[in-house]
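K.L.:
Got a structure for you, written out below as structure tokens; questions coming shortly.
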Amino acid sequence: MKRHEPDGDSAANPALRRVLGRPGGPELLDQLSNGMSGADLTTLLLEVFRRRADRRTPAEVMRRYRDDRFVAPAPTGFTALRRTEDALVSALPDGFETLVLAPVLPLAAHSAVATVDPRKVIATVRGSEVAADPTNALALEASVRRSVALAADPRSTVPVRLAASQRVARAQHFDAPGMLAHFQIFGLVTAGRDTGNRSFEHQQLAEHLRFAARALVAAGAEHTEIRLTCLEDACRPVIDRIRGDLAVVPGVAVIEDSDRTTGRGYYTSMCFKVCTRVDDRYLEVADGGFVDWSQLLTGNRKERLLISGYGVDRLAEL
């Protein structure tokens, strides 16, 4: 059963099952989900939350501020965070444009092309959702720019390279220590066209991983480990070439992580993790790989997209 089917949702969600158990509950859910236009739903929800806000007292606002994990200030110091962002920006290769992203995206921006459960994203009453990862917004912008290029030249191979640092929020609750409700991610995307023989994949992956090596040195890391995972047998030569390319980079170990389980179904062809050693263990600070989002967004199967994201808070704490 698909996750958006009401029966499947209620079976896995006791709170939803309780709400739908009230008289008229299923009918109300269907009416709100399918029975009115997006504009009408926004109008209704704006009025609902206006009335709720009118009833809320300053004391209740203070209580919510104390209890709501989404609104508390970050534990990471501003100076450390800013210094880490500066280190990442300074390591960007030539040709990358750094954007200032909006704090919200169109509804389903994180789930329409990626395998992200919408319940892990904070939706708004205006038909948008709070940013949960800058690479989704960067992918949208890169796909817009590639669409313009393809309209002018259907065989355009000019890549689009974008980067951004963004405070994001994710709605799922993590029990592990150090996991935050909102945090800073530095994201990179490179969008372009398949030029044959996996040359786009090799060139752009090598560029992203060289950035990773420079960025971690600039951020103060002394030992960096890049873990490559091949998801398609046809990409094996690219993995081998990348390992050779990075073998001469000082302070960086490149290994193959064939046992990786996370990201399968999210990434295509190849993915990677970047870790740095802290005491006697390695801590993951970045994740990336190839995705099919630009193919879906542009409707062009020849499009290629590589994304990567760095946990700025985690790097700052190191």
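Identifiers in this document derive from the order of the structure tokens: chains are assigned A, B, ..., residues are numbered from 1 separately in each chain, and ligands are numbered from 1 in order of occurrence.
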Got a sec: who's within 10 Å of segment 258-260 of chain A, counting only C-alpha atoms, leaving out chain neighbours fewer than 4 positions off, as a ChimeraX atom specification?
P.N.:
/A:227-231,264,271-273
K.L.:
Go ahead and write the residues just picked, N, CA and C atoms, as a short mmCIF file (atom, residue, chain, number, x, y, z; two decimals), in the first residue's frame.
P.N.:
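File selection-v6.cif, as written:
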```cif
data_model
loop_
_atom_site.label_atom_id
_atom_site.label_comp_id
_atom_site.auth_asym_id
_atom_site.auth_seq_id
_atom_site.Cartn_x
_atom_site.Cartn_y
_atom_site.Cartn_z
N ARG A 227 34.20 7.69 1.15
CA ARG A 227 33.70 6.33 0.95
C ARG A 227 32.80 6.30 -0.28
N LEU A 228 33.24 5.60 -1.31
CA LEU A 228 32.52 5.53 -2.58
C LEU A 228 31.69 4.25 -2.64
N THR A 229 30.48 4.39 -3.18
CA THR A 229 29.60 3.23 -3.37
C THR A 229 29.13 3.19 -4.82
N CYS A 230 29.38 2.07 -5.47
CA CYS A 230 28.94 1.85 -6.85
C CYS A 230 27.57 1.18 -6.82
N LEU A 231 26.57 1.83 -7.40
CA LEU A 231 25.21 1.31 -7.40
C LEU A 231 24.83 0.64 -8.71
N ARG A 264 20.22 4.00 -1.03
CA ARG A 264 19.85 3.17 -2.18
C ARG A 264 18.38 3.41 -2.51
N CYS A 271 27.29 6.93 -5.30
CA CYS A 271 27.11 7.88 -4.19
C CYS A 271 28.35 7.82 -3.30
N PHE A 272 28.41 8.73 -2.34
CA PHE A 272 29.59 8.79 -1.49
C PHE A 272 29.24 9.39 -0.14
N LYS A 273 30.09 9.12 0.82
CA LYS A 273 30.08 9.78 2.12
C LYS A 273 31.47 10.35 2.37
#
```
K.L.:
Fewer than 6 positions away in the same chain doesn't count, so skip those; otherwise give me all residues within 9 Å of segment 293-299 of chain A, counting only C-alpha atoms, as number ranges by chain.
P.N.:
A: 113-114, 136, 139-140, 142-144, 146-147, 191-192, 305
K.L.:
Please determine, counting only C-alpha atoms, which residue among A:Gly21, A:Gly187, A:Pro14, A:Gly35 has the shortest atom-to-atom distance to Leu99 of chain A.
P.N.:
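With only C-alpha atoms as the atom set, the closest residue is A:Gly187.
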K.L.:
I'd like the neighbourhood of Pro237 of chain A as a compact mmCIF listing (two decimals) with N, CA, C and O atoms, in the first residue's frame, where a residue qualifies if any of its atoms comes within 12 Å (using only C-alpha atoms), though same-chain residues fewer than 4 positions away should be ignored.
P.N.:
```txt
# COMPACT_ATOMS: atom_id res chain seq x y z
N ASN A 197 30.13 7.80 -22.54
CA ASN A 197 31.28 7.17 -21.88
C ASN A 197 31.43 7.58 -20.42
O ASN A 197 32.54 7.57 -19.88
N ARG A 198 30.32 7.99 -19.79
CA ARG A 198 30.32 8.40 -18.38
C ARG A 198 31.30 9.54 -18.08
O ARG A 198 31.77 9.70 -16.96
N SER A 199 31.61 10.33 -19.10
CA SER A 199 32.58 11.41 -18.90
C SER A 199 32.03 12.50 -17.99
O SER A 199 32.77 13.07 -17.18
N GLU A 201 29.88 12.06 -15.53
CA GLU A 201 29.91 11.52 -14.18
C GLU A 201 31.32 11.58 -13.59
O GLU A 201 31.51 11.99 -12.44
N HIS A 202 32.31 11.18 -14.39
CA HIS A 202 33.69 11.18 -13.88
C HIS A 202 34.18 12.59 -13.58
O HIS A 202 34.71 12.85 -12.49
N CYS A 230 29.38 2.07 -5.47
CA CYS A 230 28.94 1.85 -6.85
C CYS A 230 27.57 1.18 -6.82
O CYS A 230 27.42 0.09 -6.25
N GLU A 232 25.66 0.82 -9.75
CA GLU A 232 25.42 0.19 -11.05
C GLU A 232 26.75 -0.36 -11.56
O GLU A 232 27.76 0.35 -11.54
N ASP A 233 26.74 -1.56 -12.05
CA ASP A 233 27.97 -2.17 -12.53
C ASP A 233 28.62 -1.34 -13.64
O ASP A 233 29.86 -1.31 -13.75
N ARG A 241 38.57 5.03 -11.65
CA ARG A 241 39.31 6.23 -12.07
C ARG A 241 39.32 7.29 -10.97
O ARG A 241 40.34 7.95 -10.75
N ILE A 242 38.21 7.44 -10.27
CA ILE A 242 38.14 8.42 -9.18
C ILE A 242 39.14 8.06 -8.08
O ILE A 242 39.84 8.92 -7.54
N ARG A 243 39.22 6.80 -7.73
CA ARG A 243 40.16 6.37 -6.70
C ARG A 243 41.59 6.69 -7.13
O ARG A 243 42.41 7.12 -6.31
N GLY A 244 41.89 6.52 -8.41
CA GLY A 244 43.21 6.88 -8.91
C GLY A 244 43.45 8.38 -8.89
O GLY A 244 44.54 8.85 -8.53
N SER A 269 23.35 5.23 -9.75
CA SER A 269 24.69 4.95 -10.29
C SER A 269 25.81 4.98 -9.24
O SER A 269 26.48 3.99 -9.02
N MET A 270 26.04 6.12 -8.56
CA MET A 270 27.13 6.23 -7.60
C MET A 270 26.76 7.19 -6.49
O MET A 270 26.02 8.15 -6.71
```
K.L.:
Pick out the closest residue to Thr84 of chain A from this set: A:Leu315, A:Ala234, A:Ile226, A:Leu32. Count only C-alpha atoms.
P.N.:
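The shortest atom-to-atom distance to Thr84 of chain A comes from A:Leu315.
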K.L.:
Could you list, as a PyMOL selection string, every residue within 8 Å of Ser165 of chain A, counting only C-alpha atoms and ignoring same-chain residues fewer than 5 positions away?
P.N.:
chain A and resi 85+100+134+184-187
K.L.:
Hey, can you spit out that residue selection with all heavy atoms as a PDB file, in the first residue's frame?
P.N.:
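Contents of the output file out-v3.pdb:
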```pdb
ATOM      1  N   GLU A  85      31.380  28.063   7.485  1.00  0.00           N
ATOM      2  CA  GLU A  85      30.783  28.435   6.193  1.00  0.00           C
ATOM      3  C   GLU A  85      31.809  29.137   5.303  1.00  0.00           C
ATOM      4  O   GLU A  85      31.897  28.866   4.098  1.00  0.00           O
ATOM      5  CB  GLU A  85      29.582  29.352   6.406  1.00  0.00           C
ATOM      6  CG  GLU A  85      28.318  28.644   6.827  1.00  0.00           C
ATOM      7  CD  GLU A  85      27.132  29.586   6.862  1.00  0.00           C
ATOM      8  OE1 GLU A  85      27.250  30.687   7.429  1.00  0.00           O
ATOM      9  OE2 GLU A  85      26.077  29.217   6.323  1.00  0.00           O
ATOM     10  N   VAL A 100      21.545  32.691  -2.498  1.00  0.00           N
ATOM     11  CA  VAL A 100      20.837  32.859  -1.229  1.00  0.00           C
ATOM     12  C   VAL A 100      19.435  32.296  -1.458  1.00  0.00           C
ATOM     13  O   VAL A 100      18.624  32.894  -2.159  1.00  0.00           O
ATOM     14  CB  VAL A 100      20.772  34.336  -0.798  1.00  0.00           C
ATOM     15  CG1 VAL A 100      19.992  34.465   0.508  1.00  0.00           C
ATOM     16  CG2 VAL A 100      22.170  34.912  -0.644  1.00  0.00           C
ATOM     17  N   PRO A 134      19.074  22.030   1.084  1.00  0.00           N
ATOM     18  CA  PRO A 134      19.291  23.018   0.018  1.00  0.00           C
ATOM     19  C   PRO A 134      19.463  22.395  -1.355  1.00  0.00           C
ATOM     20  O   PRO A 134      19.226  23.058  -2.372  1.00  0.00           O
ATOM     21  CB  PRO A 134      20.575  23.739   0.457  1.00  0.00           C
ATOM     22  CG  PRO A 134      21.267  22.776   1.362  1.00  0.00           C
ATOM     23  CD  PRO A 134      20.177  22.032   2.066  1.00  0.00           C
ATOM     24  N   GLN A 184      22.347  23.664   9.726  1.00  0.00           N
ATOM     25  CA  GLN A 184      22.862  24.296   8.515  1.00  0.00           C
ATOM     26  C   GLN A 184      23.452  23.235   7.597  1.00  0.00           C
ATOM     27  O   GLN A 184      24.210  22.359   8.035  1.00  0.00           O
ATOM     28  CB  GLN A 184      23.945  25.315   8.887  1.00  0.00           C
ATOM     29  CG  GLN A 184      24.225  26.346   7.816  1.00  0.00           C
ATOM     30  CD  GLN A 184      23.235  27.498   7.868  1.00  0.00           C
ATOM     31  OE1 GLN A 184      22.405  27.577   8.767  1.00  0.00           O
ATOM     32  NE2 GLN A 184      23.335  28.396   6.913  1.00  0.00           N
ATOM     33  N   ILE A 185      23.087  23.302   6.323  1.00  0.00           N
ATOM     34  CA  ILE A 185      23.674  22.430   5.310  1.00  0.00           C
ATOM     35  C   ILE A 185      24.280  23.292   4.210  1.00  0.00           C
ATOM     36  O   ILE A 185      23.660  24.239   3.733  1.00  0.00           O
ATOM     37  CB  ILE A 185      22.639  21.475   4.693  1.00  0.00           C
ATOM     38  CG1 ILE A 185      22.097  20.497   5.733  1.00  0.00           C
ATOM     39  CG2 ILE A 185      23.258  20.686   3.531  1.00  0.00           C
ATOM     40  CD1 ILE A 185      21.074  19.522   5.179  1.00  0.00           C
ATOM     41  N   PHE A 186      25.501  22.967   3.832  1.00  0.00           N
ATOM     42  CA  PHE A 186      26.131  23.584   2.669  1.00  0.00           C
ATOM     43  C   PHE A 186      25.980  22.608   1.518  1.00  0.00           C
ATOM     44  O   PHE A 186      26.486  21.487   1.569  1.00  0.00           O
ATOM     45  CB  PHE A 186      27.609  23.866   2.946  1.00  0.00           C
ATOM     46  CG  PHE A 186      28.278  24.704   1.891  1.00  0.00           C
ATOM     47  CD1 PHE A 186      28.205  26.085   1.953  1.00  0.00           C
ATOM     48  CD2 PHE A 186      28.963  24.117   0.839  1.00  0.00           C
ATOM     49  CE1 PHE A 186      28.807  26.867   0.983  1.00  0.00           C
ATOM     50  CE2 PHE A 186      29.571  24.889  -0.136  1.00  0.00           C
ATOM     51  CZ  PHE A 186      29.497  26.274  -0.063  1.00  0.00           C
ATOM     52  N   GLY A 187      25.250  23.014   0.486  1.00  0.00           N
ATOM     53  CA  GLY A 187      24.933  22.117  -0.613  1.00  0.00           C
ATOM     54  C   GLY A 187      25.546  22.548  -1.929  1.00  0.00           C
ATOM     55  O   GLY A 187      25.721  23.747  -2.186  1.00  0.00           O
TER      56      GLY A 187
END
```
